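First comes the structure, then the notes that go with it.
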Amino acid sequence: MPQVKIYQEDSIPSPTERLWQSFSSNPFALAGLWVVVSLLLLTIFGPLIAPYSPEQQDPHALLLPPSWDPAGTVEHFLGTDDLGRDIFSRLLHGAHLTFGMSLAIVATALTFGFIIGAFSGMMKGLKSSILGHLLDALLSIPSLLLAILVVAITGPGLENIFWAVGLALTPQFVRAIHQAVNGEAQKEYVTAAILDGANSIQVFWYVIMPNVWETIIIQTTLAISAAILDIAALGFLNLGAQAPSPEWGAMVSQGLDNLLTAPWTVTIPGVAILFSVLAINLVGDGLRSALASN
């Protein structure tokens, strides 16, 4: 005989469940999350599902419009460029160069920024003040301009882009984490934990860090969108990925000569960049609202 429950027990959701409930209640954030997941899948599997090679040229299909145009064909769904290369295939192959590289750059910048910002945030006095003023001076330079300066010294190329954009974004992480950790370290509950006998590592990881994750998540989402724009901008300026690379910014630059006769060679990779940045910002805004409500 099954046990009869007289009193109804209320299930208390965990913090992660409350965060997901708050995040999923925002339809724009949820739509952005689906786009980001799709971009991740395209970054991993894009080259496998692309119908053509990114450098394959078809002399009989030069500047072919997209398939929804009366002159377009289904074989080239998004049309071709002036060399007869399939734009859809180039977009799929370029996803890991623009979106995938931005994730790798932000992960690297976050790692170094977290280490430096965490150590400096736990410091006090003159050392912390000097580092704070130094970071203010670095942050006064836009990340794109700083990346251009690094590329101008090291030269163009995807490997140099990685380090240039990474160096440009690292001070933002260092500054955000430094301020968050330093601000939390001055509060009374940290002093209470120290008086209870907690050592520096315990105070940092178990007392301060739970209140800093929100800042790290928000800064990460902002940095991903900034990295996508910086990579695309450097490719557009011919300082990053070089022709015939299918990187999205380089594709926009390569299609400028045919802007009036074949606008899809510029607008389609431009729309891909726009939707990537928009999706990341929507997810970041949704996370910010969900974390604030919890």
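Residues are named by chain letter and number: chains run A, B, ... in the order of the structure tokens, numbers start at 1 in each chain, and ligands are numbered from 1 in the order shown.
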
Shell around Ile177 in chain A at 10 Å using only C-alpha atoms, local window under 2 positions removed, as an MDAnalysis selection string: chainID A and resid 110 113:121 171:175 179:183 209 212:213 215:216 219

Residues flagged alpha helix (DSSP H) by DSSP in range 124-290 of chain A, as a VMD selection string: chain A and resid 126 to 139 143 to 154 158 to 185 188 to 195 200 to 202 213 to 236 248 to 254 264 to 290

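Distances to Gly235 in chain A were evaluated for A:Thr221, A:Ser143, A:Ser22, A:Ser253 using only C-alpha atoms, and the minimum falls at A:Ser253.
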
So which residues touch range 96-100 of chain A within 7 Å, counting only C-alpha atoms, skipping near sequence neighbours fewer than 4 positions away, as an mmCIF file with N, CA, C and O atoms, in the first residue's frame?
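Result written to selection_15.cif:
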data_model
loop_
_atom_site.group_PDB
_atom_site.id
_atom_site.type_symbol
_atom_site.label_atom_id
_atom_site.label_comp_id
_atom_site.auth_asym_id
_atom_site.auth_seq_id
_atom_site.Cartn_x
_atom_site.Cartn_y
_atom_site.Cartn_z
ATOM 1 N N THR A 43 30.412 26.258 -35.300
ATOM 2 C CA THR A 43 31.856 26.380 -35.120
ATOM 3 C C THR A 43 32.532 25.015 -35.101
ATOM 4 O O THR A 43 33.624 24.833 -35.629
ATOM 5 N N ALA A 104 38.040 31.506 -27.792
ATOM 6 C CA ALA A 104 39.376 31.126 -27.322
ATOM 7 C C ALA A 104 40.130 32.339 -26.786
ATOM 8 O O ALA A 104 40.821 32.255 -25.757
ATOM 9 N N ILE A 228 34.554 39.550 -31.122
ATOM 10 C CA ILE A 228 34.017 39.302 -32.465
ATOM 11 C C ILE A 228 34.172 40.549 -33.332
ATOM 12 O O ILE A 228 34.614 40.478 -34.487
ATOM 13 N N ILE A 231 37.985 41.144 -34.144
ATOM 14 C CA ILE A 231 38.489 40.205 -35.147
ATOM 15 C C ILE A 231 37.970 40.577 -36.528
ATOM 16 O O ILE A 231 38.722 40.601 -37.525
ATOM 17 N N ALA A 232 36.655 40.871 -36.611
ATOM 18 C CA ALA A 232 36.071 41.235 -37.897
ATOM 19 C C ALA A 232 36.626 42.558 -38.406
ATOM 20 O O ALA A 232 36.880 42.710 -39.611
ATOM 21 N N GLU A 247 37.218 34.221 -43.100
ATOM 22 C CA GLU A 247 36.845 34.971 -41.897
ATOM 23 C C GLU A 247 35.831 36.044 -42.275
ATOM 24 O O GLU A 247 35.953 36.687 -43.310
ATOM 25 N N TRP A 248 34.799 36.256 -41.436
ATOM 26 C CA TRP A 248 33.661 37.071 -41.821
ATOM 27 C C TRP A 248 34.040 38.518 -42.120
ATOM 28 O O TRP A 248 33.541 39.113 -43.069
#

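Here CA of Glu214 in chain A is placed at a distance of 6.6 Å from CA of Leu291 in chain A.
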